[in-house]
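Below: protein_27.txt (compact mmCIF, C-alpha atoms and all ligand atoms)
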# COMPACT_ATOMS: atom_id res chain seq x y z
CA MET A 430 1.84 14.57 -27.30
CA PRO A 431 -0.82 16.64 -25.49
CA GLN A 432 -0.03 20.25 -24.59
CA LEU A 433 -1.54 21.51 -21.34
CA THR A 434 -0.92 23.98 -18.56
CA ILE A 435 -0.47 23.16 -14.89
CA ASP A 436 -0.63 26.19 -12.59
CA GLY A 437 -0.06 28.34 -15.68
CA LYS A 438 3.07 26.45 -16.77
CA GLN A 439 3.04 25.25 -20.41
CA ILE A 440 3.82 21.53 -20.52
CA THR A 441 4.06 18.89 -23.24
CA ALA A 442 3.09 15.58 -21.68
CA PRO A 443 3.53 11.96 -22.72
CA VAL A 444 0.39 10.32 -24.13
CA GLY A 445 -1.48 8.33 -21.49
CA ALA A 446 0.17 10.02 -18.49
CA THR A 447 -1.91 11.18 -15.55
CA ILE A 448 -2.02 14.75 -14.27
CA LEU A 449 -0.22 13.61 -11.11
CA GLN A 450 2.65 12.01 -13.04
CA VAL A 451 3.10 15.06 -15.26
CA ALA A 452 2.88 17.49 -12.33
CA ARG A 453 5.51 15.58 -10.34
CA GLU A 454 7.80 15.26 -13.33
CA ASN A 455 7.62 19.04 -13.58
CA GLY A 456 8.37 19.68 -9.92
CA ILE A 457 4.77 20.51 -8.92
CA ASP A 458 3.82 18.95 -5.62
CA ILE A 459 0.40 17.33 -5.19
CA PRO A 460 -0.23 15.45 -1.91
CA THR A 461 -1.33 11.80 -2.16
CA PHE A 462 -2.24 9.05 0.26
CA CYS A 463 -3.25 6.11 -1.91
CA HIS A 464 -0.84 6.46 -4.79
CA HIS A 465 2.19 4.28 -5.50
CA GLU A 466 3.99 4.46 -8.83
CA ALA A 467 4.21 0.66 -9.06
CA LEU A 468 0.45 0.20 -8.61
CA GLU A 469 -2.64 0.98 -10.66
CA PRO A 470 -4.23 4.26 -9.54
CA TRP A 471 -7.24 3.79 -7.33
CA GLY A 472 -8.61 7.25 -6.57
CA ALA A 473 -9.59 6.47 -2.99
CA CYS A 474 -8.13 9.12 -0.68
CA ARG A 475 -9.03 12.15 -2.85
CA LEU A 476 -6.16 14.14 -1.39
CA CYS A 477 -4.75 14.60 -4.89
CA ILE A 478 -7.73 16.56 -6.21
CA VAL A 479 -7.05 19.35 -8.67
CA GLU A 480 -9.27 21.62 -10.72
CA VAL A 481 -9.39 21.04 -14.48
CA ASP A 482 -10.68 23.48 -17.06
CA GLU A 483 -11.55 21.70 -20.30
CA GLY A 484 -12.78 24.84 -22.05
CA SER A 485 -16.48 24.21 -21.62
CA ARG A 486 -16.50 23.58 -17.87
CA THR A 487 -14.39 23.49 -14.73
CA ARG A 488 -14.46 20.59 -12.30
CA LEU A 489 -12.57 18.89 -9.50
CA VAL A 490 -10.95 15.54 -10.34
CA THR A 491 -8.48 13.17 -8.70
CA SER A 492 -5.16 13.80 -10.44
CA CYS A 493 -3.76 10.29 -9.84
CA ASN A 494 -6.20 8.69 -12.28
CA PHE A 495 -7.10 11.55 -14.61
CA PRO A 496 -5.29 11.35 -17.97
CA VAL A 497 -3.83 14.50 -19.49
CA LYS A 498 -5.56 15.89 -22.56
CA GLU A 499 -4.80 18.46 -25.21
CA GLY A 500 -5.67 21.97 -24.05
CA LEU A 501 -6.36 21.07 -20.40
CA ALA A 502 -5.73 23.84 -17.86
CA VAL A 503 -4.99 22.37 -14.43
CA THR A 504 -4.92 24.23 -11.12
CA THR A 505 -3.33 22.28 -8.27
CA LYS A 506 -3.93 24.82 -5.50
CA ASN A 507 -6.69 27.32 -4.86
CA LYS A 508 -8.94 28.14 -1.93
CA SER A 509 -11.47 25.36 -2.48
CA ILE A 510 -8.85 22.67 -3.23
CA ILE A 511 -6.96 23.56 -0.06
CA ALA A 512 -10.20 23.54 1.99
CA ILE A 513 -11.16 20.07 0.67
CA ARG A 514 -7.67 18.66 1.32
CA LYS A 515 -7.77 20.07 4.86
CA MET A 516 -11.16 18.45 5.48
CA ILE A 517 -9.89 15.08 4.18
CA ILE A 518 -6.84 15.17 6.41
CA GLU A 519 -8.92 16.30 9.39
CA LEU A 520 -11.13 13.22 8.92
CA LEU A 521 -8.05 11.00 8.63
CA LEU A 522 -6.64 12.60 11.74
CA THR A 523 -9.91 11.75 13.47
CA ARG A 524 -9.66 8.12 12.38
CA CYS A 525 -5.90 7.63 12.82
CA PRO A 526 -4.65 10.30 15.24
CA ASN A 527 -1.50 8.33 16.11
CA ALA A 528 -0.41 7.30 12.64
CA GLN A 529 2.81 9.15 11.93
CA ALA A 530 2.17 9.45 8.18
CA VAL A 531 -1.18 11.10 8.87
CA ARG A 532 0.31 13.50 11.41
CA GLN A 533 3.07 14.46 8.99
CA MET A 534 0.56 15.13 6.21
CA ALA A 535 -1.61 17.15 8.63
CA ASP A 536 1.45 19.27 9.52
CA LYS A 537 2.26 19.76 5.86
CA LEU A 538 -1.29 20.93 5.12
CA GLY A 539 -1.49 23.12 8.22
CA VAL A 540 -4.11 21.05 10.04
CA THR A 541 -3.42 21.13 13.76
CA GLY A 542 -6.32 19.13 15.19
CA THR A 543 -9.77 17.72 14.59
CA ARG A 544 -13.23 18.87 15.59
CA PHE A 545 -14.63 15.32 15.54
CA PRO A 546 -14.62 12.48 18.11
CA ILE A 547 -11.28 10.70 17.90
CA GLU A 548 -10.95 7.03 16.94
CA ASN A 549 -7.84 4.93 17.35
CA GLU A 550 -7.25 3.23 14.02
CA PHE A 551 -3.99 3.03 12.10
CA CYS A 552 -5.31 1.91 8.73
CA ILE A 553 -6.19 4.79 6.39
CA LEU A 554 -7.93 2.42 3.92
CA CYS A 555 -5.57 3.42 1.12
CA GLY A 556 -5.82 -0.08 -0.40
CA MET A 557 -2.13 -0.26 -1.25
CA CYS A 558 -1.69 -3.59 0.55
CA VAL A 559 -4.63 -5.13 -1.32
CA ARG A 560 -3.35 -3.83 -4.66
CA VAL A 561 0.28 -4.89 -4.15
CA CYS A 562 -0.87 -8.38 -3.17
CA LYS A 563 -3.06 -8.65 -6.26
CA GLU A 564 -1.13 -6.70 -8.90
CA ILE A 565 2.52 -7.39 -8.01
CA VAL A 566 2.53 -10.59 -5.94
CA GLY A 567 -0.45 -12.16 -7.72
CA ALA A 568 -1.71 -13.81 -4.53
CA GLN A 569 -4.99 -11.94 -3.87
CA ALA A 570 -4.75 -13.06 -0.26
CA ILE A 571 -6.44 -10.00 1.29
CA SER A 572 -9.30 -7.67 0.46
CA PHE A 573 -11.61 -5.09 1.97
CA ALA A 574 -14.22 -6.49 4.33
CA SER A 575 -17.34 -4.91 5.87
CA ARG A 576 -18.71 -1.49 4.99
CA GLY A 577 -18.95 2.05 6.26
CA GLY A 578 -17.19 2.69 9.55
CA ASN A 579 -16.35 -1.01 9.95
CA LYS A 580 -14.54 -1.29 6.63
CA LYS A 581 -11.11 -2.88 6.98
CA VAL A 582 -8.53 -4.92 5.15
CA ALA A 583 -8.67 -8.58 6.10
CA SER A 584 -7.95 -12.13 5.10
CA PRO A 585 -11.04 -14.08 3.91
CA PHE A 586 -13.60 -14.36 6.74
CA PHE A 587 -10.97 -12.89 9.12
CA LYS A 588 -9.35 -16.35 9.23
CA ARG A 589 -6.00 -17.74 8.17
CA SER A 590 -5.30 -16.84 4.57
CA GLY A 591 -4.55 -19.91 2.47
CA ASP A 592 -3.28 -17.70 -0.36
CA CYS A 593 -0.78 -15.57 1.59
CA ILE A 594 2.77 -16.58 0.68
CA GLY A 595 4.30 -14.48 3.47
CA CYS A 596 6.30 -12.29 1.09
CA GLY A 597 5.91 -9.13 3.19
CA ALA A 598 5.10 -6.84 0.24
CA CYS A 599 2.00 -5.56 2.04
CA VAL A 600 4.10 -4.72 5.11
CA TYR A 601 6.59 -2.84 2.97
CA VAL A 602 4.00 -0.77 1.09
CA CYS A 603 1.73 0.19 4.04
CA PRO A 604 2.21 3.93 4.68
CA THR A 605 1.14 3.73 8.33
CA GLN A 606 3.07 0.57 9.29
CA CYS A 607 -0.08 -1.08 10.57
CA ILE A 608 0.68 -4.47 9.00
CA THR A 609 3.21 -6.49 10.95
CA MET A 610 5.09 -9.73 10.50
CA ASN A 611 7.57 -11.62 12.65
CA ASP A 612 9.97 -14.44 12.00
CA VAL A 613 9.90 -16.73 15.02
CA THR A 614 11.81 -19.73 16.22
CA GLU A 615 9.78 -22.62 17.50
CA ALA A 616 10.29 -26.16 18.75
CA THR A 617 8.69 -28.33 16.06
CA ASP A 618 9.19 -31.70 17.70
CA VAL A 619 10.25 -33.15 21.00
CA TYR A 620 11.93 -36.54 20.80
CA ALA A 621 11.71 -39.27 23.42
CA GLU A 622 15.20 -38.36 24.66
CA GLY A 623 14.04 -34.79 25.23
CA THR A 624 15.93 -33.20 22.36
CA GLU A 625 14.11 -30.57 20.36
CA GLN A 626 14.18 -29.91 16.67
CA VAL A 627 14.13 -26.18 16.05
CA GLY A 628 12.04 -24.76 13.22
CA TYR A 629 11.28 -21.29 11.98
CA ALA A 630 8.06 -19.64 10.93
CA ARG A 631 6.89 -16.32 9.54
CA VAL A 632 3.82 -14.91 11.24
CA MET A 633 1.67 -12.43 9.30
CA ASN A 634 -0.10 -10.99 12.31
CA ASN A 635 -2.90 -9.14 10.51
CA TRP A 636 -3.77 -12.07 8.26
CA ARG A 637 -3.69 -14.73 11.01
CA THR A 638 -1.24 -16.68 8.92
CA ARG A 639 1.80 -18.67 10.02
CA LEU A 640 4.11 -20.08 7.39
CA PRO A 641 7.04 -22.45 8.00
CA LEU A 642 10.35 -21.01 6.81
CA LYS A 643 12.59 -23.13 4.64
CA VAL A 644 16.09 -23.56 6.05
CA CYS A 645 19.30 -23.58 4.03
CA LYS A 646 20.46 -27.14 3.34
CA SER A 647 24.04 -26.11 4.00
CA CYS A 648 24.07 -23.74 6.99
CA GLY A 649 20.60 -24.36 8.47
CA ASN A 650 19.63 -20.68 8.57
CA PRO A 651 16.08 -19.70 7.57
CA ILE A 652 15.69 -18.49 3.96
CA ALA A 653 12.04 -17.57 3.29
CA PRO A 654 8.57 -19.12 3.69
CA GLU A 655 8.46 -22.52 1.99
CA PHE A 656 5.18 -21.58 0.32
CA GLN A 657 6.69 -18.39 -1.10
CA LEU A 658 9.67 -20.29 -2.53
CA GLN A 659 7.39 -22.96 -4.02
CA VAL A 660 5.19 -20.36 -5.71
CA LEU A 661 8.06 -18.21 -6.98
CA GLY A 662 10.09 -21.25 -8.06
CA LYS A 663 7.13 -22.56 -10.05
CA LYS A 664 6.51 -19.17 -11.66
CA ALA A 665 10.17 -18.89 -12.64
CA GLY A 666 10.29 -22.51 -13.86
CA LEU A 667 13.12 -23.44 -11.46
CA ALA A 668 14.14 -26.98 -10.56
CA PRO A 669 12.76 -28.11 -7.13
CA ASP A 670 16.24 -27.95 -5.52
CA ALA A 671 17.18 -24.55 -7.01
CA LEU A 672 16.16 -22.67 -3.86
CA ASP A 673 17.70 -25.02 -1.31
CA LEU A 674 20.59 -22.75 -0.35
CA CYS A 675 20.64 -19.28 1.20
CA GLN A 676 22.37 -16.45 -0.65
CA GLY A 677 25.47 -16.70 1.55
CA CYS A 678 25.98 -20.43 0.85
CA LYS A 679 25.40 -19.96 -2.88
CA GLU A 680 28.33 -17.53 -3.17
S1 LIG B 701 2.51 -11.20 2.73
FE1 LIG B 701 0.65 -12.28 2.08
S2 LIG B 701 -0.95 -10.72 2.10
FE2 LIG B 701 1.02 -9.64 2.13
S3 LIG B 701 1.46 -9.19 -0.04
FE3 LIG B 701 2.49 -11.13 0.46
S4 LIG B 701 1.00 -12.70 -0.11
FE4 LIG B 701 -0.14 -10.75 0.01
S1 LIG B 702 -3.37 -1.70 6.02
FE1 LIG B 702 -1.92 -0.09 5.39
S2 LIG B 702 -1.69 -0.36 3.19
FE2 LIG B 702 -3.50 -1.51 3.79
S3 LIG B 702 -5.22 -0.11 3.47
FE3 LIG B 702 -4.58 0.12 5.58
S4 LIG B 702 -3.10 1.80 5.60
FE4 LIG B 702 -3.33 1.13 3.48
S1 LIG B 703 -3.75 9.72 -4.50
FE1 LIG B 703 -5.35 10.18 -5.85
S2 LIG B 703 -7.12 9.62 -4.78
FE2 LIG B 703 -5.48 9.06 -3.45

Show me the file's structure as structure tokens.
Ligand code: SF4
Ligand code: SF4
Ligand code: FES
Amino acid sequence: MPQLTIDGKQITAPVGATILQVARENGIDIPTFCHHEALEPWGACRLCIVEVDEGSRTRLVTSCNFPVKEGLAVTTKNKSIIAIRKMIIELLLTRCPNAQAVRQMADKLGVTGTRFPIENEFCILCGMCVRVCKEIVGAQAISFASRGGNKKVASPFFKRSGDCIGCGACVYVCPTQCITMNDVTEATDVYAEGTEQVGYARVMNNWRTRLPLKVCKSCGNPIAPEFQLQVLGKKAGLAPDALDLCQGCKE
């Protein structure tokens, strides 16, 4: 088990842990914007930078993906770290001035405004949606598209995603709530006599994807996207009729 110091505190850390994990477990706060404990570290936002002294040299690293080592001396706050974090958040505030998560982080870091021309985005390009879709859901329905200032998360060719199962994990994980979905009711058919059959669909607005919702065979209420149930049922090896009832009718 490696022994190290973080801000002068002697710590024994688990093998394979990152500086961020060990710092947080020891009550030391390091700000992050692209980290989620359920996802692989990505090192994109750089807000989590710390200084490491390995004996022979000192350097700045991203703590979310830097593994602890024997004898490491970590500093989580000093003048240059604070200045870099402030610059990062100022740039994010320039890009996403109305995103609540960005404003809260700016407040926390004492950044009150930006010197640069304001944009009006909400996506901070943290990549959590892309990673949750790939690593947890296993769908790989979305990815980064374009480069530089035009970089964004999108479905393939900005068209309907054939791989999106409508699970909503990307909506849940997005720190700035810029991914939206709606469950809608729609008339699916109009019979000669004028009666309508009502259906339900889930609309993933950002991914231009509309998925019919399966309805409960007993009460007729919507359960979840049919595609999602098919995929999950297959993965779990369930019989085709195992997901025909909603939770309420199963009990
Ligand atoms: S809703 Fe679609 S894009 Fe979002 S995580 Fe689920 S499968 Fe991926
Ligand atoms: S859409 Fe949300 S989760 Fe995805 S990269 Fe942008 S801010 Fe992050
Ligand atoms: S949290 Fe480490 S780079 Fe974003």

List as a compact mmCIF listing (two decimals) with C-alpha atoms, in the coordinates of the input the protein and nucleic acid residues near A:Ile553, meaning an atom at most 12 Å away when all atoms listed in the file are counted, but skip any in the same chain fewer than 6 places from it.
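As written to disk, selection_37.txt reads:
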# COMPACT_ATOMS: atom_id res chain seq x y z
CA PHE A 462 -2.24 9.05 0.26
CA CYS A 463 -3.25 6.11 -1.91
CA ALA A 473 -9.59 6.47 -2.99
CA CYS A 474 -8.13 9.12 -0.68
CA ILE A 517 -9.89 15.08 4.18
CA ILE A 518 -6.84 15.17 6.41
CA LEU A 520 -11.13 13.22 8.92
CA LEU A 521 -8.05 11.00 8.63
CA LEU A 522 -6.64 12.60 11.74
CA THR A 523 -9.91 11.75 13.47
CA ARG A 524 -9.66 8.12 12.38
CA CYS A 525 -5.90 7.63 12.82
CA PRO A 526 -4.65 10.30 15.24
CA ASN A 527 -1.50 8.33 16.11
CA ALA A 528 -0.41 7.30 12.64
CA GLN A 529 2.81 9.15 11.93
CA ALA A 530 2.17 9.45 8.18
CA VAL A 531 -1.18 11.10 8.87
CA ARG A 532 0.31 13.50 11.41
CA GLY A 578 -17.19 2.69 9.55
CA LYS A 580 -14.54 -1.29 6.63
CA LYS A 581 -11.11 -2.88 6.98
CA VAL A 582 -8.53 -4.92 5.15
CA CYS A 603 1.73 0.19 4.04
CA PRO A 604 2.21 3.93 4.68
CA THR A 605 1.14 3.73 8.33
CA GLN A 606 3.07 0.57 9.29
CA CYS A 607 -0.08 -1.08 10.57
CA ILE A 608 0.68 -4.47 9.00

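Of the residues listed (A:Ala467, A:Pro431, A:Asp458, A:Val559), A:Pro431 shows the shortest atom-to-atom separation from A:Ala502; distances use all atoms listed in the file.
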
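Proximity ranking of A:Ala574, A:Ala668, A:Ala442, A:Ile565 relative to A:Phe586 places A:Ala574 first, based on all atoms listed in the file.
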
Discussion item. Quick check, in Å to one decimal: how far apart do atom CA of A:Asn494 and atom CA of A:Arg475 lie?
Written reply: 10.4 Å

What residues have any atom no more than 9 Å from ligand LIG 703 (chain B) when counting only C-alpha atoms and all ligand atoms, and can you list them as a short mmCIF file (atom, residue, chain, number, x, y, z; two decimals) with C-alpha atoms, in the frame of the given file?
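Just written: out.cif:
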data_model
loop_
_atom_site.label_atom_id
_atom_site.label_comp_id
_atom_site.auth_asym_id
_atom_site.auth_seq_id
_atom_site.Cartn_x
_atom_site.Cartn_y
_atom_site.Cartn_z
CA LEU A 449 -0.22 13.61 -11.11
CA ILE A 459 0.40 17.33 -5.19
CA PRO A 460 -0.23 15.45 -1.91
CA THR A 461 -1.33 11.80 -2.16
CA PHE A 462 -2.24 9.05 0.26
CA CYS A 463 -3.25 6.11 -1.91
CA HIS A 464 -0.84 6.46 -4.79
CA HIS A 465 2.19 4.28 -5.50
CA PRO A 470 -4.23 4.26 -9.54
CA TRP A 471 -7.24 3.79 -7.33
CA GLY A 472 -8.61 7.25 -6.57
CA ALA A 473 -9.59 6.47 -2.99
CA CYS A 474 -8.13 9.12 -0.68
CA ARG A 475 -9.03 12.15 -2.85
CA LEU A 476 -6.16 14.14 -1.39
CA CYS A 477 -4.75 14.60 -4.89
CA ILE A 478 -7.73 16.56 -6.21
CA VAL A 490 -10.95 15.54 -10.34
CA THR A 491 -8.48 13.17 -8.70
CA SER A 492 -5.16 13.80 -10.44
CA CYS A 493 -3.76 10.29 -9.84
CA ASN A 494 -6.20 8.69 -12.28
CA CYS A 555 -5.57 3.42 1.12
#

Item to complete: Please write as a PyMOL selection string the list of polymer residues whose atoms come within 10 Å of (-4.4, -3.3, -4.0), counting all atoms listed in the file and keeping to the coordinates of the file.
Response: chain A and resi 463+468-471+555-565+569+571-573+599

Writer output for current selection, C-alpha atoms, as a compact mmCIF listing (two decimals), in the coordinates of the input:
# COMPACT_ATOMS: atom_id res chain seq x y z
CA CYS A 463 -3.25 6.11 -1.91
CA LEU A 468 0.45 0.20 -8.61
CA GLU A 469 -2.64 0.98 -10.66
CA PRO A 470 -4.23 4.26 -9.54
CA TRP A 471 -7.24 3.79 -7.33
CA CYS A 555 -5.57 3.42 1.12
CA GLY A 556 -5.82 -0.08 -0.40
CA MET A 557 -2.13 -0.26 -1.25
CA CYS A 558 -1.69 -3.59 0.55
CA VAL A 559 -4.63 -5.13 -1.32
CA ARG A 560 -3.35 -3.83 -4.66
CA VAL A 561 0.28 -4.89 -4.15
CA CYS A 562 -0.87 -8.38 -3.17
CA LYS A 563 -3.06 -8.65 -6.26
CA GLU A 564 -1.13 -6.70 -8.90
CA ILE A 565 2.52 -7.39 -8.01
CA GLN A 569 -4.99 -11.94 -3.87
CA ILE A 571 -6.44 -10.00 1.29
CA SER A 572 -9.30 -7.67 0.46
CA PHE A 573 -11.61 -5.09 1.97
CA CYS A 599 2.00 -5.56 2.04

Worksheet item: How would you write, as a PyMOL selection string, the set of residues no farther than 6 Å from ligand LIG 701 (chain B) when counting all atoms listed in the file?
Response: chain A and resi 562+568+570-571+593-599

Worksheet entry | Residue among A:Gly437, A:Val627, A:Val602, A:Ala535 lying closest to ligand LIG 702 (chain B), counting all atoms listed in the file |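 Between A:Gly437, A:Val627, A:Val602, A:Ala535, the residue approaching ligand LIG 702 (chain B) most closely is A:Val602.
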
Fill in: Residue with smallest distance to ligand LIG 702 (chain B) - pool A:Ala452, A:Ile457, A:Gly445, A:Cys552, counting only C-alpha atoms and all ligand atoms
A:Cys552

Worksheet item: Can you tell me how far atom CA of A:Cys645 sits from atom CA of A:Val600, in Å to one decimal?
Response: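 Separation between atom CA of A:Cys645 and atom CA of A:Val600: 24.2 Å.
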
Item to complete: Using all atoms listed in the file, find the one residue out of A:Phe656, A:Trp636, A:Asp436, A:Met516 that sits nearest to A:Thr541.
Response: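 Distance minimum relative to A:Thr541 lands on A:Met516.
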
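For the set A:Leu667, A:Leu640, A:Leu554, A:Ile547, the residue with the smallest atom-to-atom gap to ligand LIG 702 (chain B) is A:Leu554, counting all atoms listed in the file.
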
Practice prompt. Name the residues in contact with A:Asp670 at a cut-off of 10 Å, using only C-alpha atoms, excluding same-chain residues fewer than 4 positions from it; report them as a PyMOL selection string.
Written response: chain A and resi 646+662+674

Size and centre in Å, one decimal, axis-aligned box, all listed stretch 571-584 of chain A atoms plus 3 Å per side, as AutoDock Vina command-line options:
--center_x -12.7 --center_y -4.7 --center_z 5.2 --size_x 18.5 --size_y 20.8 --size_z 15.5

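Residues having any atom no farther than 12 Å from (-12.2, 22.9, -17.1) (counting only C-alpha atoms) are Leu433, Thr434, Ile435, Val479, Glu480, Val481, Asp482, Glu483, Gly484, Ser485, Arg486, Thr487, Arg488, Leu489, Val490, Lys498, Glu499, Gly500, Leu501, Ala502, Val503 and Thr504 of chain A.
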
Residue selection dump (C-alpha atoms) as a CSV table (one decimal), in the frame of the given file:
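File part18.csv, as written:
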chain,number,residue,atom,x,y,z
A,433,LEU,CA,-1.5,21.5,-21.3
A,434,THR,CA,-0.9,24.0,-18.6
A,435,ILE,CA,-0.5,23.2,-14.9
A,479,VAL,CA,-7.0,19.4,-8.7
A,480,GLU,CA,-9.3,21.6,-10.7
A,481,VAL,CA,-9.4,21.0,-14.5
A,482,ASP,CA,-10.7,23.5,-17.1
A,483,GLU,CA,-11.6,21.7,-20.3
A,484,GLY,CA,-12.8,24.8,-22.0
A,485,SER,CA,-16.5,24.2,-21.6
A,486,ARG,CA,-16.5,23.6,-17.9
A,487,THR,CA,-14.4,23.5,-14.7
A,488,ARG,CA,-14.5,20.6,-12.3
A,489,LEU,CA,-12.6,18.9,-9.5
A,490,VAL,CA,-11.0,15.5,-10.3
A,498,LYS,CA,-5.6,15.9,-22.6
A,499,GLU,CA,-4.8,18.5,-25.2
A,500,GLY,CA,-5.7,22.0,-24.0
A,501,LEU,CA,-6.4,21.1,-20.4
A,502,ALA,CA,-5.7,23.8,-17.9
A,503,VAL,CA,-5.0,22.4,-14.4
A,504,THR,CA,-4.9,24.2,-11.1

Worksheet item: What gap, in Å, lies between atom CA of A:Ala653 and atom CA of A:Ala671?
Response: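 Rounded to one decimal, the two atoms are 13.5 Å apart.
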